file my_file_15.pdb (PDB, C-alpha atoms, pLDDT in the B column)
MODEL        1
ATOM      1  CA  VAL A 292      16.617  13.678 -25.851  1.00 71.00           C
ATOM      2  CA  LEU A 293      18.505  16.958 -25.547  1.00 73.00           C
ATOM      3  CA  ARG A 294      20.029  16.631 -29.039  1.00 81.00           C
ATOM      4  CA  GLY A 295      16.522  16.486 -30.496  1.00 81.00           C
ATOM      5  CA  LEU A 296      15.461  19.755 -28.896  1.00 83.00           C
ATOM      6  CA  ASP A 297      15.727  23.119 -30.543  1.00 86.00           C
ATOM      7  CA  LYS A 298      15.679  26.529 -28.938  1.00 86.00           C
ATOM      8  CA  GLY A 299      12.158  27.313 -27.802  1.00 86.00           C
ATOM      9  CA  HIS A 300      11.013  23.684 -27.415  1.00 85.00           C
ATOM     10  CA  THR A 301       9.340  22.795 -24.148  1.00 84.00           C
ATOM     11  CA  LEU A 302      10.716  19.944 -22.120  1.00 77.00           C
ATOM     12  CA  ARG A 303       8.641  18.642 -19.217  1.00 79.00           C
ATOM     13  CA  ILE A 304      10.376  16.595 -16.575  1.00 76.00           C
ATOM     14  CA  GLU A 305       9.160  15.073 -13.355  1.00 70.00           C
ATOM     15  CA  LEU A 306      11.641  14.622 -10.546  1.00 62.00           C
ATOM     16  CA  PRO A 307      11.311  12.218  -7.637  1.00 58.00           C
ATOM     17  CA  PHE A 308       8.816  13.129  -4.956  1.00 58.00           C
ATOM     18  CA  GLY A 309      10.933  11.741  -2.179  1.00 61.00           C
ATOM     19  CA  GLU A 310       9.827  12.245   1.374  1.00 67.00           C
ATOM     20  CA  PHE A 311      12.947  10.739   2.946  1.00 78.00           C
ATOM     21  CA  THR A 312      14.437  14.024   4.028  1.00 85.00           C
ATOM     22  CA  LEU A 313      15.682  15.464   7.295  1.00 88.00           C
ATOM     23  CA  ARG A 314      12.764  17.319   8.857  1.00 88.00           C
ATOM     24  CA  ALA A 315      13.751  20.972   8.638  1.00 82.00           C
ATOM     25  CA  ASP A 316      11.394  22.074  11.407  1.00 88.00           C
ATOM     26  CA  SER A 317      12.956  19.781  14.014  1.00 92.00           C
ATOM     27  CA  VAL A 318      15.914  20.329  16.315  1.00 93.00           C
ATOM     28  CA  LYS A 319      15.847  16.795  17.728  1.00 95.00           C
ATOM     29  CA  PRO A 320      19.072  14.794  17.476  1.00 96.00           C
ATOM     30  CA  ALA A 321      18.899  12.646  14.328  1.00 97.00           C
ATOM     31  CA  ILE A 322      20.068   9.048  14.206  1.00 98.00           C
ATOM     32  CA  LEU A 323      20.851   8.184  10.590  1.00 97.00           C
ATOM     33  CA  MET A 324      21.082   4.435  10.076  1.00 97.00           C
ATOM     34  CA  ALA A 325      21.960   2.559   6.892  1.00 96.00           C
ATOM     35  CA  THR A 326      22.799  -0.861   5.611  1.00 95.00           C
ATOM     36  CA  GLY A 327      24.900  -1.264   2.485  1.00 90.00           C
ATOM     37  CA  THR A 328      24.056   1.196  -0.257  1.00 90.00           C
ATOM     38  CA  GLY A 329      21.368   2.701   1.975  1.00 92.00           C
ATOM     39  CA  PHE A 330      24.200   5.070   2.818  1.00 95.00           C
ATOM     40  CA  ALA A 331      23.574   7.015  -0.430  1.00 93.00           C
ATOM     41  CA  PRO A 332      20.372   8.811   0.672  1.00 92.00           C
ATOM     42  CA  LEU A 333      21.886   9.478   4.098  1.00 95.00           C
ATOM     43  CA  LYS A 334      24.964  10.927   2.424  1.00 96.00           C
ATOM     44  CA  SER A 335      22.694  13.442   0.698  1.00 93.00           C
ATOM     45  CA  ILE A 336      20.997  14.280   3.996  1.00 94.00           C
ATOM     46  CA  VAL A 337      24.343  14.834   5.735  1.00 96.00           C
ATOM     47  CA  GLU A 338      25.762  16.925   2.891  1.00 95.00           C
ATOM     48  CA  ASP A 339      22.640  19.105   2.902  1.00 92.00           C
ATOM     49  CA  ALA A 340      22.786  19.506   6.696  1.00 94.00           C
ATOM     50  CA  ILE A 341      26.450  20.543   6.460  1.00 94.00           C
ATOM     51  CA  LYS A 342      25.715  22.985   3.640  1.00 94.00           C
ATOM     52  CA  ARG A 343      22.869  24.564   5.631  1.00 92.00           C
ATOM     53  CA  LYS A 344      25.033  24.600   8.790  1.00 93.00           C
ATOM     54  CA  LEU A 345      22.396  22.823  10.856  1.00 91.00           C
ATOM     55  CA  ALA A 346      23.300  22.705  14.519  1.00 89.00           C
ATOM     56  CA  ARG A 347      21.299  19.621  15.483  1.00 93.00           C
ATOM     57  CA  PRO A 348      23.303  16.554  16.544  1.00 96.00           C
ATOM     58  CA  LEU A 349      23.690  13.857  13.881  1.00 97.00           C
ATOM     59  CA  TYR A 350      24.655  10.237  14.529  1.00 98.00           C
ATOM     60  CA  LEU A 351      25.476   8.066  11.523  1.00 98.00           C
ATOM     61  CA  TYR A 352      25.350   4.284  11.977  1.00 98.00           C
ATOM     62  CA  TRP A 353      26.337   2.316   8.869  1.00 97.00           C
ATOM     63  CA  GLY A 354      26.015  -1.451   8.896  1.00 97.00           C
ATOM     64  CA  ALA A 355      27.589  -3.848   6.437  1.00 96.00           C
ATOM     65  CA  ARG A 356      28.873  -7.397   6.313  1.00 96.00           C
ATOM     66  CA  ARG A 357      32.551  -6.596   5.758  1.00 96.00           C
ATOM     67  CA  ALA A 358      34.703  -3.472   5.978  1.00 96.00           C
ATOM     68  CA  ALA A 359      35.104  -3.408   2.186  1.00 95.00           C
ATOM     69  CA  ASP A 360      31.321  -2.953   1.903  1.00 96.00           C
ATOM     70  CA  LEU A 361      31.583   0.472   3.572  1.00 96.00           C
ATOM     71  CA  TYR A 362      32.412   2.012   0.218  1.00 95.00           C
ATOM     72  CA  LEU A 363      32.717   5.628   1.415  1.00 96.00           C
ATOM     73  CA  ALA A 364      33.870   5.034   4.975  1.00 96.00           C
ATOM     74  CA  GLU A 365      36.668   7.596   4.544  1.00 97.00           C
ATOM     75  CA  LEU A 366      34.106  10.326   3.836  1.00 98.00           C
ATOM     76  CA  ALA A 367      31.977   9.388   6.843  1.00 97.00           C
ATOM     77  CA  GLN A 368      35.097   9.265   9.000  1.00 97.00           C
ATOM     78  CA  LYS A 369      36.092  12.721   7.720  1.00 97.00           C
ATOM     79  CA  TRP A 370      32.696  14.077   8.835  1.00 97.00           C
ATOM     80  CA  HIS A 371      33.245  12.421  12.210  1.00 97.00           C
ATOM     81  CA  ASP A 372      36.768  13.787  12.607  1.00 97.00           C
ATOM     82  CA  SER A 373      35.627  17.315  11.723  1.00 95.00           C
ATOM     83  CA  GLY A 374      32.863  17.206  14.342  1.00 95.00           C
ATOM     84  CA  LYS A 375      29.990  17.281  11.839  1.00 94.00           C
ATOM     85  CA  LEU A 376      28.521  14.050  13.218  1.00 96.00           C
ATOM     86  CA  ARG A 377      29.333  10.882  15.109  1.00 98.00           C
ATOM     87  CA  PHE A 378      30.078   7.970  12.762  1.00 98.00           C
ATOM     88  CA  VAL A 379      29.699   4.386  13.949  1.00 98.00           C
ATOM     89  CA  PRO A 380      30.435   1.623  11.403  1.00 98.00           C
ATOM     90  CA  VAL A 381      29.048  -1.788  12.368  1.00 98.00           C
ATOM     91  CA  LEU A 382      29.999  -5.099  10.704  1.00 97.00           C
ATOM     92  CA  SER A 383      27.957  -8.278  10.933  1.00 96.00           C
ATOM     93  CA  GLU A 384      30.661 -10.545   9.442  1.00 96.00           C
ATOM     94  CA  ALA A 385      33.835  -8.787  10.530  1.00 94.00           C
ATOM     95  CA  ASP A 386      37.195 -10.493  10.236  1.00 94.00           C
ATOM     96  CA  GLU A 387      39.593 -10.680  13.166  1.00 94.00           C
ATOM     97  CA  ALA A 388      41.397  -7.497  12.037  1.00 94.00           C
ATOM     98  CA  TRP A 389      38.273  -5.365  12.546  1.00 95.00           C
ATOM     99  CA  GLY A 390      38.570  -3.256  15.671  1.00 95.00           C
ATOM    100  CA  GLY A 391      35.167  -1.605  15.438  1.00 95.00           C
ATOM    101  CA  ARG A 392      31.614  -2.503  16.364  1.00 97.00           C
ATOM    102  CA  ARG A 393      30.201  -5.924  15.484  1.00 97.00           C
ATOM    103  CA  GLY A 394      26.666  -7.199  15.086  1.00 97.00           C
ATOM    104  CA  LEU A 395      23.514  -5.671  13.653  1.00 96.00           C
ATOM    105  CA  VAL A 396      23.406  -1.942  13.104  1.00 97.00           C
ATOM    106  CA  HIS A 397      20.077  -1.323  14.843  1.00 97.00           C
ATOM    107  CA  GLN A 398      21.299  -3.211  17.906  1.00 97.00           C
ATOM    108  CA  ALA A 399      24.356  -0.938  18.059  1.00 97.00           C
ATOM    109  CA  VAL A 400      21.994   2.055  18.183  1.00 98.00           C
ATOM    110  CA  LEU A 401      20.062   0.450  21.047  1.00 97.00           C
ATOM    111  CA  GLU A 402      23.316  -0.195  22.914  1.00 97.00           C
ATOM    112  CA  ASP A 403      24.331   3.465  22.578  1.00 97.00           C
ATOM    113  CA  PHE A 404      20.991   5.108  23.367  1.00 95.00           C
ATOM    114  CA  ALA A 405      19.320   4.060  26.597  1.00 84.00           C
ATOM    115  CA  ALA A 406      16.222   6.026  25.568  1.00 89.00           C
ATOM    116  CA  LEU A 407      15.155   7.053  22.086  1.00 94.00           C
ATOM    117  CA  ALA A 408      12.403   9.490  23.026  1.00 93.00           C
ATOM    118  CA  GLY A 409      13.485  12.962  21.962  1.00 94.00           C
ATOM    119  CA  HIS A 410      15.302  11.681  18.856  1.00 96.00           C
ATOM    120  CA  GLU A 411      14.390  11.136  15.223  1.00 96.00           C
ATOM    121  CA  VAL A 412      15.537   8.045  13.339  1.00 97.00           C
ATOM    122  CA  TYR A 413      16.133   7.921   9.593  1.00 95.00           C
ATOM    123  CA  ALA A 414      16.682   4.323   8.461  1.00 95.00           C
ATOM    124  CA  CYS A 415      17.611   3.355   4.925  1.00 94.00           C
ATOM    125  CA  GLY A 416      18.557  -0.041   3.581  1.00 92.00           C
ATOM    126  CA  ASN A 417      17.274  -3.557   3.407  1.00 90.00           C
ATOM    127  CA  PRO A 418      13.695  -4.147   4.575  1.00 90.00           C
ATOM    128  CA  ALA A 419      14.750  -6.630   7.259  1.00 90.00           C
ATOM    129  CA  MET A 420      16.831  -3.950   8.988  1.00 92.00           C
ATOM    130  CA  THR A 421      14.282  -1.168   8.680  1.00 93.00           C
ATOM    131  CA  SER A 422      11.517  -3.425   9.981  1.00 93.00           C
ATOM    132  CA  ALA A 423      13.578  -4.755  12.898  1.00 94.00           C
ATOM    133  CA  ALA A 424      14.757  -1.237  13.740  1.00 95.00           C
ATOM    134  CA  HIS A 425      11.216   0.134  13.643  1.00 95.00           C
ATOM    135  CA  ASP A 426       9.859  -2.514  15.988  1.00 95.00           C
ATOM    136  CA  SER A 427      12.818  -2.358  18.390  1.00 95.00           C
ATOM    137  CA  PHE A 428      12.968   1.431  18.506  1.00 96.00           C
ATOM    138  CA  ILE A 429       9.238   1.861  19.116  1.00 95.00           C
ATOM    139  CA  LYS A 430       9.548  -0.595  22.027  1.00 94.00           C
ATOM    140  CA  ALA A 431      12.505   1.499  23.265  1.00 93.00           C
ATOM    141  CA  GLY A 432      10.315   4.602  23.468  1.00 94.00           C
ATOM    142  CA  LEU A 433      10.750   6.235  20.065  1.00 96.00           C
ATOM    143  CA  PRO A 434       7.464   7.848  19.024  1.00 96.00           C
ATOM    144  CA  GLU A 435       6.100   6.340  15.801  1.00 95.00           C
ATOM    145  CA  ALA A 436       6.032   9.810  14.230  1.00 94.00           C
ATOM    146  CA  ASP A 437       9.801  10.127  14.695  1.00 95.00           C
ATOM    147  CA  PHE A 438      10.763   7.032  12.676  1.00 95.00           C
ATOM    148  CA  PHE A 439      11.359   7.593   8.968  1.00 93.00           C
ATOM    149  CA  SER A 440      12.497   4.897   6.576  1.00 90.00           C
ATOM    150  CA  ASP A 441      13.353   4.254   2.981  1.00 86.00           C
ATOM    151  CA  ALA A 442      13.480   0.486   2.683  1.00 70.00           C
ATOM    152  CA  PHE A 443      14.769  -1.120  -0.471  1.00 65.00           C
ATOM    153  CA  VAL A 444      12.163  -3.139  -2.299  1.00 55.00           C
ATOM    154  CA  HIS A 445      13.121  -6.123  -4.369  1.00 51.00           C
ATOM    155  CA  THR A 446      11.743  -6.031  -7.885  1.00 48.00           C
ATOM    156  CA  ASP A 447      11.005  -9.136  -9.928  1.00 51.00           C
ATOM    157  CA  THR A 448      12.914  -8.589 -13.170  1.00 49.00           C
ATOM    158  CA  ARG A 449      11.777 -11.810 -14.799  1.00 50.00           C
ATOM    159  CA  VAL A 450       9.729 -11.448 -17.968  1.00 47.00           C
TER     160      VAL A 450
ENDMDL
END

call {"tool": "encode", "arguments": {"input": "my_file_15.pdb", "output": "structure tokens"}}
result
Amino acid sequence: VLRGLDKGHTLRIELPFGEFTLRADSVKPAILMATGTGFAPLKSIVEDAIKRKLARPLYLYWGARRAADLYLAELAQKWHDSGKLRFVPVLSEADEAWGGRRGLVHQAVLEDFAALAGHEVYACGNPAMTSAAHDSFIKAGLPEADFFSDAFVHTDTRV
């Protein structure tokens, strides 16, 4: 497209209208929870929070089947080690060498937080996780208005 444009041509673009962003007007601790590649939007949220030097506590829970599925675990661990956030990887099909958390990612959050009132939750990943997390967290006292999600939707690609 750009090769076909000459100086003075008008190019109109429309960017995503995403609403899955860290609420800038809140100081509540934020629990960021992902499964698989749901980490990508949370990565953007964390990088923006670091760039803006936000002081609110961030907790990153990243669930996957196997350790190899945590494709940027080193980056998340670097954030953890530097004090930017607390990183908790959780594997549902861990091998015997795994020394970290096991099970479902939303259950790990429930184990770590006796009460969720006073927090915000940002969940991104497969719809089964976001749905289970929503239901469990609301029962655990999280106000509905403090749960934000970006669930992946399967698209039928058959013609």

call {"tool": "resolve_selection", "arguments": {"input": "my_file_15.pdb", "expression": "the PyMOL selection byres ((chain A and resi 324) around 10)", "output": "list of chain:residue names"}}
result
A:Ala321, A:Ile322, A:Leu323, A:Ala325, A:Thr326, A:Gly329, A:Phe330, A:Leu333, A:Tyr350, A:Leu351, A:Tyr352, A:Trp353, A:Gly354, A:Val379, A:Pro380, A:Val396, A:His397, A:Val400, A:Val412, A:Tyr413, A:Ala414, A:Cys415, A:Gly416, A:Met420, A:Thr421, A:Ala424, A:Ser440

call {"tool": "atom_distance", "arguments": {"input": "my_file_15.pdb", "atom1": "CA of Glu411 in chain A", "atom2": "CA of Arg347 in chain A"}}
result
10.9 Å

call {"tool": "closest_residue", "arguments": {"input": "my_file_15.pdb", "among": "A:Asp372, A:Gly432, A:Ser383, A:Asp426", "to": "Ala405 in chain A", "atoms": "only C-alpha atoms"}}
result
A:Gly432

call {"tool": "resolve_selection", "arguments": {"input": "my_file_15.pdb", "expression": "the PyMOL selection byres ((chain A and resi 363) around 12)", "output": "list in words"}}
result
Gly327, Thr328, Gly329, Phe330, Ala331, Leu333, Lys334, Trp353, Ala355, Ala358, Ala359, Asp360, Leu361, Tyr362, Ala364, Glu365, Leu366, Ala367, Gln368, Lys369, Trp370, Phe378 and Pro380 of chain A

call {"tool": "write_last_selection", "arguments": {"input": "my_file_15.pdb", "atoms": "C-alpha atoms", "output": "compact mmCIF listing (two decimals), in the frame of the given file"}}
result
# COMPACT_ATOMS: atom_id res chain seq x y z
CA GLY A 327 24.90 -1.26 2.48
CA THR A 328 24.06 1.20 -0.26
CA GLY A 329 21.37 2.70 1.98
CA PHE A 330 24.20 5.07 2.82
CA ALA A 331 23.57 7.02 -0.43
CA LEU A 333 21.89 9.48 4.10
CA LYS A 334 24.96 10.93 2.42
CA TRP A 353 26.34 2.32 8.87
CA ALA A 355 27.59 -3.85 6.44
CA ALA A 358 34.70 -3.47 5.98
CA ALA A 359 35.10 -3.41 2.19
CA ASP A 360 31.32 -2.95 1.90
CA LEU A 361 31.58 0.47 3.57
CA TYR A 362 32.41 2.01 0.22
CA ALA A 364 33.87 5.03 4.97
CA GLU A 365 36.67 7.60 4.54
CA LEU A 366 34.11 10.33 3.84
CA ALA A 367 31.98 9.39 6.84
CA GLN A 368 35.10 9.26 9.00
CA LYS A 369 36.09 12.72 7.72
CA TRP A 370 32.70 14.08 8.84
CA PHE A 378 30.08 7.97 12.76
CA PRO A 380 30.44 1.62 11.40

call {"tool": "closest_residue", "arguments": {"input": "my_file_15.pdb", "among": "A:Arg392, A:Asp441, A:Glu305, A:Ile336", "to": "Leu376 in chain A", "atoms": "all atoms listed in the file"}}
result
A:Ile336

call {"tool": "atom_distance", "arguments": {"input": "my_file_15.pdb", "atom1": "CA of Glu435 in chain A", "atom2": "CA of Leu345 in chain A"}}
result
23.7 Å

call {"tool": "residues_around", "arguments": {"input": "my_file_15.pdb", "residues": "Asp386 in chain A", "least_positions_apart": "6", "cutoff": "10 Å", "atoms": "only C-alpha atoms", "output": "PyMOL selection string"}}
result
chain A and resi 356-358+393

call {"tool": "residues_around", "arguments": {"input": "my_file_15.pdb", "residues": "Pro434 in chain A", "least_positions_apart": "4", "cutoff": "8 Å", "atoms": "only C-alpha atoms", "output": "list in words"}}
result
Ala408, Ile429 and Phe438 of chain A

call {"tool": "atom_distance", "arguments": {"input": "my_file_15.pdb", "atom1": "CA of Thr312 in chain A", "atom2": "CA of Leu349 in chain A"}}
result
13.5 Å

call {"tool": "closest_residue", "arguments": {"input": "my_file_15.pdb", "among": "A:Lys375, A:Leu433, A:Gly390, A:Gly409", "to": "Arg343 in chain A", "atoms": "all atoms listed in the file"}}
result
A:Lys375

call {"tool": "decode", "arguments": {"input": "my_file_15.pdb", "residues": "range 312-326 of chain A", "atoms": "N, CA and C atoms", "output": "PDB file, in the first residue's frame"}}
result
ATOM      1  N   THR A 312      -7.313  -2.680  28.811  1.00  0.00           N
ATOM      2  CA  THR A 312      -6.190  -1.880  29.254  1.00  0.00           C
ATOM      3  C   THR A 312      -6.253  -1.727  30.768  1.00  0.00           C
ATOM      4  N   LEU A 313      -5.112  -1.495  31.370  1.00  0.00           N
ATOM      5  CA  LEU A 313      -5.040  -1.244  32.800  1.00  0.00           C
ATOM      6  C   LEU A 313      -5.737   0.085  33.078  1.00  0.00           C
ATOM      7  N   ARG A 314      -6.682   0.084  33.975  1.00  0.00           N
ATOM      8  CA  ARG A 314      -7.437   1.291  34.290  1.00  0.00           C
ATOM      9  C   ARG A 314      -6.507   2.315  34.937  1.00  0.00           C
ATOM     10  N   ALA A 315      -6.307   3.421  34.246  1.00  0.00           N
ATOM     11  CA  ALA A 315      -5.354   4.435  34.678  1.00  0.00           C
ATOM     12  C   ALA A 315      -5.812   5.184  35.922  1.00  0.00           C
ATOM     13  N   ASP A 316      -7.104   5.208  36.182  1.00  0.00           N
ATOM     14  CA  ASP A 316      -7.627   5.962  37.313  1.00  0.00           C
ATOM     15  C   ASP A 316      -7.696   5.140  38.597  1.00  0.00           C
ATOM     16  N   SER A 317      -7.170   3.929  38.569  1.00  0.00           N
ATOM     17  CA  SER A 317      -7.232   3.046  39.728  1.00  0.00           C
ATOM     18  C   SER A 317      -5.849   2.877  40.355  1.00  0.00           C
ATOM     19  N   VAL A 318      -5.845   2.701  41.669  1.00  0.00           N
ATOM     20  CA  VAL A 318      -4.607   2.384  42.377  1.00  0.00           C
ATOM     21  C   VAL A 318      -4.695   0.995  43.011  1.00  0.00           C
ATOM     22  N   LYS A 319      -5.774   0.275  42.712  1.00  0.00           N
ATOM     23  CA  LYS A 319      -5.957  -1.059  43.277  1.00  0.00           C
ATOM     24  C   LYS A 319      -4.868  -1.992  42.762  1.00  0.00           C
ATOM     25  N   PRO A 320      -4.427  -2.936  43.587  1.00  0.00           N
ATOM     26  CA  PRO A 320      -3.501  -3.958  43.088  1.00  0.00           C
ATOM     27  C   PRO A 320      -4.142  -4.695  41.913  1.00  0.00           C
ATOM     28  N   ALA A 321      -3.364  -4.966  40.879  1.00  0.00           N
ATOM     29  CA  ALA A 321      -3.878  -5.619  39.675  1.00  0.00           C
ATOM     30  C   ALA A 321      -3.326  -7.031  39.564  1.00  0.00           C
ATOM     31  N   ILE A 322      -4.237  -7.981  39.427  1.00  0.00           N
ATOM     32  CA  ILE A 322      -3.867  -9.371  39.181  1.00  0.00           C
ATOM     33  C   ILE A 322      -4.019  -9.593  37.690  1.00  0.00           C
ATOM     34  N   LEU A 323      -2.908  -9.845  37.018  1.00  0.00           N
ATOM     35  CA  LEU A 323      -2.881 -10.085  35.582  1.00  0.00           C
ATOM     36  C   LEU A 323      -2.754 -11.589  35.394  1.00  0.00           C
ATOM     37  N   MET A 324      -3.705 -12.185  34.685  1.00  0.00           N
ATOM     38  CA  MET A 324      -3.744 -13.640  34.584  1.00  0.00           C
ATOM     39  C   MET A 324      -3.902 -14.055  33.124  1.00  0.00           C
ATOM     40  N   ALA A 325      -3.021 -14.948  32.678  1.00  0.00           N
ATOM     41  CA  ALA A 325      -3.041 -15.379  31.281  1.00  0.00           C
ATOM     42  C   ALA A 325      -2.924 -16.884  31.176  1.00  0.00           C
ATOM     43  N   THR A 326      -3.436 -17.387  30.069  1.00  0.00           N
ATOM     44  CA  THR A 326      -3.121 -18.745  29.637  1.00  0.00           C
ATOM     45  C   THR A 326      -2.486 -18.620  28.261  1.00  0.00           C
TER      46      THR A 326
END
